[in-house]
file start24.cif (mmCIF, C-alpha atoms)
data_my_file
#
loop_
_atom_site.group_PDB
_atom_site.id
_atom_site.type_symbol
_atom_site.label_atom_id
_atom_site.label_comp_id
_atom_site.auth_asym_id
_atom_site.auth_seq_id
_atom_site.Cartn_x
_atom_site.Cartn_y
_atom_site.Cartn_z
ATOM 1 C CA MET U 17 0.000 0.000 0.000
ATOM 2 C CA ARG U 18 1.379 3.416 -0.978
ATOM 3 C CA ASN U 19 -1.396 5.797 0.125
ATOM 4 C CA PHE U 20 -4.626 5.338 2.082
ATOM 5 C CA THR U 21 -7.511 7.589 1.113
ATOM 6 C CA CYS U 22 -10.486 5.320 0.299
ATOM 7 C CA VAL U 23 -11.871 1.786 0.495
ATOM 8 C CA GLN U 24 -10.202 0.749 -2.773
ATOM 9 C CA ASP U 25 -6.773 1.242 -1.197
ATOM 10 C CA ILE U 26 -7.379 -1.479 1.398
ATOM 11 C CA GLY U 27 -8.092 -4.251 -1.125
ATOM 12 C CA SER U 28 -9.996 -7.305 0.089
ATOM 13 C CA LEU U 29 -12.180 -6.351 3.047
ATOM 14 C CA GLU U 30 -12.205 -9.941 4.279
ATOM 15 C CA LYS U 31 -8.405 -9.996 4.428
ATOM 16 C CA ALA U 32 -8.273 -6.516 5.967
ATOM 17 C CA VAL U 33 -10.648 -7.474 8.795
ATOM 18 C CA ALA U 34 -8.757 -10.716 9.429
ATOM 19 C CA GLU U 35 -5.509 -8.736 9.622
ATOM 20 C CA ALA U 36 -7.171 -6.230 11.964
ATOM 21 C CA LEU U 37 -8.237 -8.976 14.357
ATOM 22 C CA GLU U 38 -4.717 -10.429 14.276
ATOM 23 C CA VAL U 39 -3.233 -7.009 15.078
ATOM 24 C CA LYS U 40 -5.797 -6.479 17.821
ATOM 25 C CA ALA U 41 -4.786 -9.756 19.465
ATOM 26 C CA ASN U 42 -1.105 -8.715 19.531
ATOM 27 C CA ARG U 43 -0.565 -5.001 18.958
ATOM 28 C CA TYR U 44 3.225 -5.130 19.350
ATOM 29 C CA ALA U 45 4.031 -8.102 17.125
ATOM 30 C CA TYR U 46 5.196 -5.835 14.291
ATOM 31 C CA LYS U 47 7.084 -3.236 16.323
ATOM 32 C CA HIS U 48 10.223 -3.868 14.286
ATOM 33 C CA LEU U 49 8.585 -2.483 11.136
ATOM 34 C CA GLY U 50 8.651 1.105 12.381
ATOM 35 C CA GLU U 51 12.117 1.157 13.898
ATOM 36 C CA ASN U 52 13.930 4.345 12.813
ATOM 37 C CA ARG U 53 10.848 5.432 10.842
ATOM 38 C CA THR U 54 8.976 8.675 11.506
ATOM 39 C CA MET U 55 5.326 9.534 11.037
ATOM 40 C CA LEU U 56 4.368 13.186 10.656
ATOM 41 C CA MET U 57 0.734 13.904 11.575
ATOM 42 C CA LEU U 58 -0.613 17.218 10.245
ATOM 43 C CA PHE U 59 -3.841 18.661 11.556
ATOM 44 C CA PHE U 60 -5.552 21.482 9.689
ATOM 45 C CA ASN U 61 -8.612 20.745 11.873
ATOM 46 C CA SER U 62 -9.353 19.656 15.423
ATOM 47 C CA SER U 63 -9.110 16.023 16.484
ATOM 48 C CA LEU U 64 -9.344 13.744 19.504
ATOM 49 C CA ARG U 65 -9.816 10.095 18.419
ATOM 50 C CA THR U 66 -7.882 10.450 15.164
ATOM 51 C CA ARG U 67 -4.966 12.166 16.849
ATOM 52 C CA LEU U 68 -4.687 9.725 19.770
ATOM 53 C CA SER U 69 -5.490 6.506 17.912
ATOM 54 C CA THR U 70 -3.178 7.143 14.960
ATOM 55 C CA GLN U 71 -0.314 8.195 17.191
ATOM 56 C CA LYS U 72 -0.833 5.118 19.372
ATOM 57 C CA ALA U 73 -0.947 2.881 16.298
ATOM 58 C CA ALA U 74 2.327 4.343 15.005
ATOM 59 C CA MET U 75 3.953 3.860 18.411
ATOM 60 C CA ASN U 76 2.709 0.253 18.542
ATOM 61 C CA LEU U 77 4.682 -0.274 15.331
ATOM 62 C CA GLY U 78 7.826 1.289 16.797
ATOM 63 C CA MET U 79 7.613 4.579 14.887
ATOM 64 C CA ASN U 80 8.713 8.019 16.000
ATOM 65 C CA VAL U 81 5.820 10.482 15.767
ATOM 66 C CA ILE U 82 5.762 14.227 15.076
ATOM 67 C CA VAL U 83 2.433 16.034 15.499
ATOM 68 C CA LEU U 84 1.880 19.481 13.993
ATOM 69 C CA ASP U 85 -1.228 21.651 14.359
ATOM 70 C CA VAL U 86 -0.940 23.728 11.224
ATOM 71 C CA ASN U 87 -3.148 26.580 12.405
ATOM 72 C CA GLN U 88 -1.533 26.903 15.833
ATOM 73 C CA GLY U 89 2.090 25.760 15.859
ATOM 74 C CA ALA U 90 3.239 26.654 12.354
ATOM 75 C CA TRP U 91 3.228 29.483 9.831
ATOM 76 C CA LYS U 92 -0.164 30.069 8.273
ATOM 77 C CA LEU U 93 -0.146 28.347 4.914
ATOM 78 C CA GLU U 94 -1.401 29.642 1.607
ATOM 79 C CA THR U 95 -3.038 26.872 -0.434
ATOM 80 C CA GLU U 96 -3.923 28.672 -3.681
ATOM 81 C CA ARG U 97 -1.575 29.115 -6.631
ATOM 82 C CA GLY U 98 -1.310 32.505 -8.303
ATOM 83 C CA VAL U 99 -2.054 34.421 -5.115
ATOM 84 C CA ILE U 100 -0.029 37.545 -4.272
ATOM 85 C CA MET U 101 1.041 36.621 -0.765
ATOM 86 C CA ASP U 102 0.751 40.024 0.877
ATOM 87 C CA GLY U 103 -1.605 38.895 3.640
ATOM 88 C CA ASP U 104 -1.198 36.927 6.874
ATOM 89 C CA LYS U 105 0.048 33.693 5.214
ATOM 90 C CA PRO U 106 3.855 33.846 4.863
ATOM 91 C CA GLU U 107 4.419 30.298 3.542
ATOM 92 C CA HIS U 108 2.937 28.383 0.634
ATOM 93 C CA LEU U 109 1.830 24.788 0.925
ATOM 94 C CA LEU U 110 3.855 23.919 -2.192
ATOM 95 C CA GLU U 111 7.098 24.746 -0.363
ATOM 96 C CA ALA U 112 5.943 23.439 3.004
ATOM 97 C CA ILE U 113 4.912 20.008 1.701
ATOM 98 C CA PRO U 114 8.278 18.883 0.236
ATOM 99 C CA VAL U 115 10.038 20.270 3.319
ATOM 100 C CA MET U 116 7.775 18.140 5.512
ATOM 101 C CA GLY U 117 8.609 15.176 3.325
ATOM 102 C CA CYS U 118 12.279 15.650 4.210
ATOM 103 C CA TYR U 119 11.518 14.951 7.872
ATOM 104 C CA ALA U 120 9.131 11.992 7.666
ATOM 105 C CA ASP U 121 8.694 8.524 6.183
ATOM 106 C CA VAL U 122 4.884 8.604 6.315
ATOM 107 C CA ILE U 123 2.592 11.657 6.429
ATOM 108 C CA GLY U 124 -0.919 11.734 7.864
ATOM 109 C CA VAL U 125 -3.149 14.653 6.850
ATOM 110 C CA ARG U 126 -6.433 15.868 8.347
ATOM 111 C CA SER U 127 -8.151 18.611 6.332
ATOM 112 C CA PHE U 128 -11.924 19.104 6.271
ATOM 113 C CA ALA U 129 -14.173 20.501 3.571
ATOM 114 C CA ARG U 130 -14.155 24.281 3.614
ATOM 115 C CA PHE U 131 -17.570 24.771 1.972
ATOM 116 C CA GLU U 132 -16.092 27.593 -0.117
ATOM 117 C CA SER U 133 -16.113 25.575 -3.342
ATOM 118 C CA LYS U 134 -17.704 22.186 -3.866
ATOM 119 C CA ALA U 135 -15.321 21.552 -6.756
ATOM 120 C CA ASP U 136 -12.258 22.220 -4.609
ATOM 121 C CA ASP U 137 -13.619 20.098 -1.752
ATOM 122 C CA TYR U 138 -14.565 17.143 -3.923
ATOM 123 C CA GLN U 139 -11.275 17.258 -5.834
ATOM 124 C CA GLU U 140 -9.494 16.918 -2.462
ATOM 125 C CA ARG U 141 -7.049 19.653 -3.383
ATOM 126 C CA ILE U 142 -5.089 19.725 -0.118
ATOM 127 C CA LEU U 143 -4.819 15.951 0.273
ATOM 128 C CA GLN U 144 -3.852 15.535 -3.373
ATOM 129 C CA GLN U 145 -1.099 18.144 -3.079
ATOM 130 C CA PHE U 146 0.482 16.116 -0.279
ATOM 131 C CA ILE U 147 0.278 12.964 -2.393
ATOM 132 C CA GLU U 148 1.802 14.740 -5.406
ATOM 133 C CA HIS U 149 4.515 16.826 -3.737
ATOM 134 C CA SER U 150 5.622 15.190 -0.468
ATOM 135 C CA GLY U 151 7.404 12.194 -1.984
ATOM 136 C CA ARG U 152 6.045 10.131 0.931
ATOM 137 C CA PRO U 153 3.145 7.745 1.528
ATOM 138 C CA VAL U 154 0.110 9.714 2.678
ATOM 139 C CA VAL U 155 -2.655 8.584 5.037
ATOM 140 C CA SER U 156 -5.951 10.467 5.089
ATOM 141 C CA MET U 157 -6.875 11.207 8.702
ATOM 142 C CA GLU U 158 -10.130 12.683 7.328
ATOM 143 C CA ALA U 159 -10.350 14.717 4.193
ATOM 144 C CA ALA U 160 -13.045 16.810 2.547
ATOM 145 C CA THR U 161 -14.989 13.862 1.137
ATOM 146 C CA ARG U 162 -13.965 10.759 3.117
ATOM 147 C CA HIS U 163 -12.848 9.520 6.539
ATOM 148 C CA PRO U 164 -11.474 6.063 5.674
ATOM 149 C CA LEU U 165 -9.793 5.281 9.017
ATOM 150 C CA GLN U 166 -13.168 5.795 10.720
ATOM 151 C CA SER U 167 -15.027 3.685 8.177
ATOM 152 C CA PHE U 168 -12.492 0.855 8.447
ATOM 153 C CA ALA U 169 -12.948 0.905 12.231
ATOM 154 C CA ASP U 170 -16.732 0.879 11.723
ATOM 155 C CA LEU U 171 -16.417 -2.189 9.504
ATOM 156 C CA ILE U 172 -14.239 -3.998 12.055
ATOM 157 C CA THR U 173 -16.796 -3.202 14.770
ATOM 158 C CA ILE U 174 -19.723 -4.500 12.733
ATOM 159 C CA GLU U 175 -17.849 -7.674 11.832
ATOM 160 C CA GLU U 176 -17.095 -8.278 15.529
ATOM 161 C CA HIS U 177 -20.723 -7.867 16.586
ATOM 162 C CA LYS U 178 -22.878 -9.121 13.692
ATOM 163 C CA THR U 179 -24.996 -12.237 14.224
ATOM 164 C CA LYS U 180 -25.888 -12.861 10.578
ATOM 165 C CA ALA U 181 -23.776 -13.044 7.438
ATOM 166 C CA ARG U 182 -25.459 -10.050 5.788
ATOM 167 C CA PRO U 183 -26.769 -7.682 8.455
ATOM 168 C CA LYS U 184 -29.054 -4.743 7.765
ATOM 169 C CA VAL U 185 -27.164 -1.498 8.393
ATOM 170 C CA VAL U 186 -29.059 1.792 8.460
ATOM 171 C CA MET U 187 -27.332 5.166 8.319
ATOM 172 C CA ILE U 188 -29.714 7.798 9.660
ATOM 173 C CA TRP U 189 -29.293 11.568 9.378
ATOM 174 C CA ALA U 190 -29.787 13.354 12.695
ATOM 175 C CA PRO U 191 -30.003 17.066 13.539
ATOM 176 C CA HIS U 192 -27.031 19.229 14.467
ATOM 177 C CA PRO U 193 -26.707 22.990 15.054
ATOM 178 C CA LYS U 194 -23.744 23.425 12.684
ATOM 179 C CA ALA U 195 -22.999 22.612 9.066
ATOM 180 C CA LEU U 196 -20.940 19.427 9.019
ATOM 181 C CA PRO U 197 -19.075 17.921 6.035
ATOM 182 C CA GLN U 198 -20.282 14.835 4.191
ATOM 183 C CA ALA U 199 -16.949 13.019 4.723
ATOM 184 C CA VAL U 200 -18.088 10.489 7.355
ATOM 185 C CA PRO U 201 -21.413 9.557 5.700
ATOM 186 C CA ASN U 202 -19.776 9.430 2.260
ATOM 187 C CA SER U 203 -17.061 7.149 3.537
ATOM 188 C CA PHE U 204 -19.381 4.961 5.617
ATOM 189 C CA ALA U 205 -21.610 4.472 2.583
ATOM 190 C CA GLU U 206 -18.611 3.583 0.421
ATOM 191 C CA TRP U 207 -17.393 0.932 2.872
ATOM 192 C CA MET U 208 -20.853 -0.518 3.586
ATOM 193 C CA ASN U 209 -21.521 -0.908 -0.139
ATOM 194 C CA ALA U 210 -18.143 -2.595 -0.553
ATOM 195 C CA ALA U 211 -18.972 -4.962 2.321
ATOM 196 C CA ASP U 212 -22.221 -5.890 0.533
ATOM 197 C CA TYR U 213 -24.404 -5.531 3.606
ATOM 198 C CA GLU U 214 -28.087 -4.709 3.294
ATOM 199 C CA PHE U 215 -27.516 -0.969 3.451
ATOM 200 C CA VAL U 216 -30.157 1.742 3.819
ATOM 201 C CA ILE U 217 -29.690 5.516 4.064
ATOM 202 C CA THR U 218 -32.482 7.602 5.553
ATOM 203 C CA HIS U 219 -32.632 11.394 5.731
ATOM 204 C CA PRO U 220 -34.971 14.329 5.129
ATOM 205 C CA GLU U 221 -35.438 15.487 1.568
ATOM 206 C CA GLY U 222 -32.656 17.866 0.552
ATOM 207 C CA TYR U 223 -29.915 15.898 2.296
ATOM 208 C CA GLU U 224 -29.142 13.558 -0.608
ATOM 209 C CA LEU U 225 -25.462 12.596 -0.754
ATOM 210 C CA ASP U 226 -23.270 12.436 -3.836
ATOM 211 C CA PRO U 227 -24.643 9.498 -5.891
ATOM 212 C CA ALA U 228 -21.070 8.224 -6.341
ATOM 213 C CA PHE U 229 -21.015 7.408 -2.620
ATOM 214 C CA VAL U 230 -24.652 6.332 -2.257
ATOM 215 C CA GLY U 231 -23.970 3.573 -4.756
ATOM 216 C CA ASN U 232 -26.347 0.635 -4.391
ATOM 217 C CA ALA U 233 -27.776 1.747 -1.054
ATOM 218 C CA ARG U 234 -31.540 2.082 -0.710
ATOM 219 C CA VAL U 235 -32.487 5.667 0.096
ATOM 220 C CA GLU U 236 -35.578 5.902 2.284
ATOM 221 C CA TYR U 237 -37.136 9.202 3.373
ATOM 222 C CA ASN U 238 -39.451 7.526 5.879
ATOM 223 C CA GLN U 239 -37.181 6.945 8.868
ATOM 224 C CA ASP U 240 -39.488 4.441 10.593
ATOM 225 C CA ARG U 241 -39.688 2.288 7.475
ATOM 226 C CA ALA U 242 -35.912 2.446 7.068
ATOM 227 C CA LEU U 243 -35.256 1.318 10.651
ATOM 228 C CA GLU U 244 -37.534 -1.718 10.555
ATOM 229 C CA GLY U 245 -35.492 -4.870 11.184
ATOM 230 C CA ALA U 246 -32.152 -3.051 11.336
ATOM 231 C CA ASP U 247 -29.209 -4.813 12.980
ATOM 232 C CA PHE U 248 -27.017 -1.692 13.195
ATOM 233 C CA VAL U 249 -28.093 1.953 13.332
ATOM 234 C CA TYR U 250 -25.388 4.451 12.408
ATOM 235 C CA ALA U 251 -26.404 8.013 13.260
ATOM 236 C CA LYS U 252 -24.663 10.984 11.655
ATOM 237 C CA ASN U 253 -25.395 14.539 10.677
ATOM 238 C CA TRP U 254 -24.264 16.089 7.420
ATOM 239 C CA SER U 255 -24.979 19.319 5.575
ATOM 240 C CA ALA U 256 -26.593 19.519 2.172
ATOM 241 C CA TYR U 257 -24.570 18.310 -0.824
ATOM 242 C CA ALA U 258 -26.740 19.368 -3.768
ATOM 243 C CA ASP U 259 -26.434 22.842 -5.266
ATOM 244 C CA PRO U 260 -27.397 25.571 -4.569
ATOM 245 C CA ASN U 261 -27.428 24.487 -0.899
ATOM 246 C CA TYR U 262 -23.984 22.875 -0.669
ATOM 247 C CA GLY U 263 -22.674 23.111 2.899
ATOM 248 C CA LYS U 264 -25.917 24.512 4.319
ATOM 249 C CA VAL U 265 -28.104 23.422 7.226
ATOM 250 C CA LEU U 266 -31.594 22.877 5.817
ATOM 251 C CA SER U 267 -33.204 21.406 8.918
ATOM 252 C CA THR U 268 -32.708 20.830 12.630
ATOM 253 C CA ASP U 269 -35.875 18.717 12.906
ATOM 254 C CA ARG U 270 -35.625 16.980 16.277
ATOM 255 C CA SER U 271 -37.992 14.229 15.143
ATOM 256 C CA TRP U 272 -34.870 12.711 13.554
ATOM 257 C CA THR U 273 -33.035 12.375 16.893
ATOM 258 C CA VAL U 274 -32.363 8.675 17.533
ATOM 259 C CA ASP U 275 -34.376 7.694 20.599
ATOM 260 C CA ALA U 276 -35.719 4.548 22.249
ATOM 261 C CA ARG U 277 -38.864 4.534 20.110
ATOM 262 C CA LYS U 278 -36.813 4.476 16.926
ATOM 263 C CA MET U 279 -34.536 1.742 18.255
ATOM 264 C CA SER U 280 -37.607 -0.328 19.175
ATOM 265 C CA LEU U 281 -38.416 -0.574 15.458
ATOM 266 C CA THR U 282 -35.161 -2.420 14.826
ATOM 267 C CA ASP U 283 -34.165 -6.026 15.381
ATOM 268 C CA ASN U 284 -32.553 -5.130 18.732
ATOM 269 C CA ALA U 285 -29.983 -3.134 16.774
ATOM 270 C CA PHE U 286 -26.638 -1.879 17.937
ATOM 271 C CA PHE U 287 -26.240 1.896 17.961
ATOM 272 C CA MET U 288 -23.156 3.427 16.326
ATOM 273 C CA HIS U 289 -21.706 6.926 15.965
ATOM 274 C CA CYS U 290 -18.213 8.138 15.062
ATOM 275 C CA LEU U 291 -18.042 10.680 17.959
ATOM 276 C CA PRO U 292 -17.992 13.415 19.083
ATOM 277 C CA VAL U 293 -21.772 13.324 19.452
ATOM 278 C CA ARG U 294 -24.247 16.002 20.452
ATOM 279 C CA ARG U 295 -26.398 14.240 23.039
ATOM 280 C CA ASN U 296 -30.143 14.776 22.742
ATOM 281 C CA MET U 297 -29.619 16.245 19.281
ATOM 282 C CA ILE U 298 -28.119 13.254 17.480
ATOM 283 C CA VAL U 299 -29.079 10.609 20.068
ATOM 284 C CA THR U 300 -30.783 10.504 23.455
ATOM 285 C CA ASP U 301 -28.897 9.693 26.650
ATOM 286 C CA ASP U 302 -30.665 6.372 27.155
ATOM 287 C CA VAL U 303 -29.748 5.077 23.690
ATOM 288 C CA ILE U 304 -26.074 6.056 23.747
ATOM 289 C CA GLU U 305 -25.705 4.686 27.288
ATOM 290 C CA SER U 306 -27.533 1.427 26.585
ATOM 291 C CA PRO U 307 -25.796 -1.986 26.454
ATOM 292 C CA ARG U 308 -26.433 -1.964 22.681
ATOM 293 C CA SER U 309 -24.327 1.159 22.153
ATOM 294 C CA LEU U 310 -21.041 0.477 20.371
ATOM 295 C CA VAL U 311 -19.611 3.997 20.372
ATOM 296 C CA ILE U 312 -16.726 3.126 22.720
ATOM 297 C CA PRO U 313 -15.686 -0.186 21.075
ATOM 298 C CA GLU U 314 -16.005 1.618 17.730
ATOM 299 C CA ALA U 315 -13.671 4.383 18.926
ATOM 300 C CA ALA U 316 -11.241 1.815 20.342
ATOM 301 C CA ASN U 317 -11.053 0.155 16.927
ATOM 302 C CA ARG U 318 -9.702 3.396 15.472
ATOM 303 C CA GLU U 319 -6.314 2.348 16.847
ATOM 304 C CA ILE U 320 -6.626 -0.982 15.051
ATOM 305 C CA SER U 321 -7.694 0.419 11.682
ATOM 306 C CA ALA U 322 -4.815 2.907 11.763
ATOM 307 C CA GLN U 323 -2.330 0.218 12.750
ATOM 308 C CA VAL U 324 -3.303 -2.090 9.887
ATOM 309 C CA VAL U 325 -2.932 0.783 7.416
ATOM 310 C CA LEU U 326 0.448 1.865 8.790
ATOM 311 C CA LYS U 327 1.648 -1.725 8.972
ATOM 312 C CA ARG U 328 0.898 -2.228 5.280
ATOM 313 C CA ILE U 329 2.579 1.033 4.320
ATOM 314 C CA LEU U 330 5.702 0.179 6.345
ATOM 315 C CA GLU U 331 5.826 -3.261 4.740
ATOM 316 C CA SER U 332 5.827 -1.627 1.328
ATOM 317 C CA LEU U 333 8.659 0.824 2.054
#
call {"tool": "encode", "arguments": {"input": "start24.cif", "output": "structure tokens"}}
result
Amino acid sequence: MRNFTCVQDIGSLEKAVAEALEVKANRYAYKHLGENRTMLMLFFNSSLRTRLSTQKAAMNLGMNVIVLDVNQGAWKLETERGVIMDGDKPEHLLEAIPVMGCYADVIGVRSFARFESKADDYQERILQQFIEHSGRPVVSMEAATRHPLQSFADLITIEEHKTKARPKVVMIWAPHPKALPQAVPNSFAEWMNAADYEFVITHPEGYELDPAFVGNARVEYNQDRALEGADFVYAKNWSAYADPNYGKVLSTDRSWTVDARKMSLTDNAFFMHCLPVRRNMIVTDDVIESPRSLVIPEAANREISAQVVLKRILESL
């Protein structure tokens, strides 16, 4: 594996999950792979699970780790070409990236959608510049359109807890006070389609995702109908994708909050969310605290998904 940005990069999901369970059983078995190797983790946006889990995964593999918060501990970076740099950004990303590549063997990048231009967001301009100009393998720690480390961890979690070969997985939109990117739902949809589960997406009208990510999923606007017989319920908010409303909040309808009544429609489903979660907006206290909530095991598996990815990259160096 050279870079990790999407489900296609991981190859066979069956083999990837098997490798994840092997790593989980012995996290330090491959510590020799990272000896005298350095991972640089760059954060253009805030992080808790991604920061801690990826750093822990790299350390499990024996790597040195450098963490840089671009907007706090470094020069402000200009990202556009052709700009007269007479403002508050003294360094250009096109010089900064190859310099960073001089100091690291693997680079992790976290850079959210900006909602300034759908074209720029969906072309993954910042992530792609690191891939093109760093000279190093690049791991997406969440980009504008995908969050593959999260989705891989979600898959591992479902595989650990499913009771049938092809479970029904429902991704439900839930209200949130701010405009959030489509990266997590896009990515979750991509991985669930690849896993060939019975996959349903339910949301209010106007919150349709990019059809390239929806794929073969059934889209259901009636949330109760969507939840019937579900084995896993994955709650997530996202802002509108379709023009002219790209990046906008169209609704904060609290009837979409995942509560006990909704979960009662399922086949005793597990509840999932990527965290952080707005309680009693996305999900009620009783649901997230119930024995069927997987949010903590799901978060714990972020270490495992990152370690499998880094292990494969180190093996290829």
call {"tool": "axis_aligned_box", "arguments": {"input": "start24.cif", "around": "segment 294-299 of chain U", "padding_each_side": "4 Å", "output": "JSON"}}
result
{"center_x": -27.2, "center_y": 13.4, "center_z": 20.3, "size_x": 13.9, "size_y": 13.6, "size_z": 13.6}
call {"tool": "residues_around", "arguments": {"input": "start24.cif", "residues": "Asp170 of chain U", "least_positions_apart": "3", "cutoff": "8 Å", "atoms": "all atoms listed in the file", "output": "number ranges by chain"}}
result
U: 166-167, 173-174, 204, 314, 317
call {"tool": "residues_around", "arguments": {"input": "start24.cif", "residues": "Asp136 of chain U", "least_positions_apart": "4", "cutoff": "12 Å", "atoms": "only C-alpha atoms", "output": "VMD selection string"}}
result
chain U and resid 95 to 96 128 to 132 140 to 145 159 to 161
call {"tool": "resolve_selection", "arguments": {"input": "start24.cif", "expression": "the PyMOL selection byres ((chain U and resi 103-118) around 10)", "output": "list in words"}}
result
Leu56, Leu58, Ala90, Trp91, Lys92, Leu93, Glu94, Thr95, Glu96, Arg97, Val99, Ile100, Met101, Asp102, Tyr119, Ala120, Asp121, Val122, Ile123, Ile142, Gln145, Phe146, Ile147, Glu148, His149, Ser150, Gly151, Arg152 and Pro153 of chain U
call {"tool": "residues_near_point", "arguments": {"input": "start24.cif", "point": "(-30.8, 16.8, 16.6)", "cutoff": "8 Å", "atoms": "only C-alpha atoms", "output": "list in words"}}
result
Ala190, Pro191, His192, Pro193, Thr268, Asp269, Arg270, Ser271, Trp272, Thr273, Arg294, Asn296, Met297, Ile298 and Val299 of chain U
call {"tool": "atom_distance", "arguments": {"input": "start24.cif", "atom1": "atom CA of Pro307 of chain U", "atom2": "atom CA of Trp254 of chain U"}}
result
26.3 Å
call {"tool": "residues_around", "arguments": {"input": "start24.cif", "residues": "segment 29-36 of chain U", "least_positions_apart": "4", "cutoff": "8 Å", "atoms": "all atoms listed in the file", "output": "VMD selection string"}}
result
chain U and resid 40 171 to 172 175 210 to 211 320 to 321 324
call {"tool": "atom_distance", "arguments": {"input": "start24.cif", "atom1": "atom CA of His219 of chain U", "atom2": "atom CA of Ala285 of chain U"}}
result
18.4 Å
call {"tool": "resolve_selection", "arguments": {"input": "start24.cif", "expression": "the PyMOL selection byres ((chain U and resi 181) around 12)", "output": "list in words"}}
result
Ile174, Glu175, Glu176, His177, Lys178, Thr179, Lys180, Arg182, Pro183, Lys184, Ala211, Asp212, Tyr213, Glu214 and Asp247 of chain U
call {"tool": "atom_distance", "arguments": {"input": "start24.cif", "atom1": "atom CA of Asn42 of chain U", "atom2": "atom CA of Ala73 of chain U"}}
result
12.0 Å
call {"tool": "closest_residue", "arguments": {"input": "start24.cif", "among": "U:Asp25, U:Asp259, U:Glu158, U:Asp240", "to": "Val216 of chain U", "atoms": "all atoms listed in the file"}}
result
U:Asp240
call {"tool": "residues_around", "arguments": {"input": "start24.cif", "residues": "Ile82 of chain U", "least_positions_apart": "6", "cutoff": "8 Å", "atoms": "only C-alpha atoms", "output": "count of residues only"}}
result
4
call {"tool": "closest_residue", "arguments": {"input": "start24.cif", "among": "U:Lys194, U:Val311, U:Glu244, U:Val230", "to": "Arg65 of chain U", "atoms": "all atoms listed in the file"}}
result
U:Val311
call {"tool": "closest_residue", "arguments": {"input": "start24.cif", "among": "U:Gly98, U:Gly231, U:Gly27, U:Pro313", "to": "Val325 of chain U", "atoms": "only C-alpha atoms"}}
result
U:Gly27
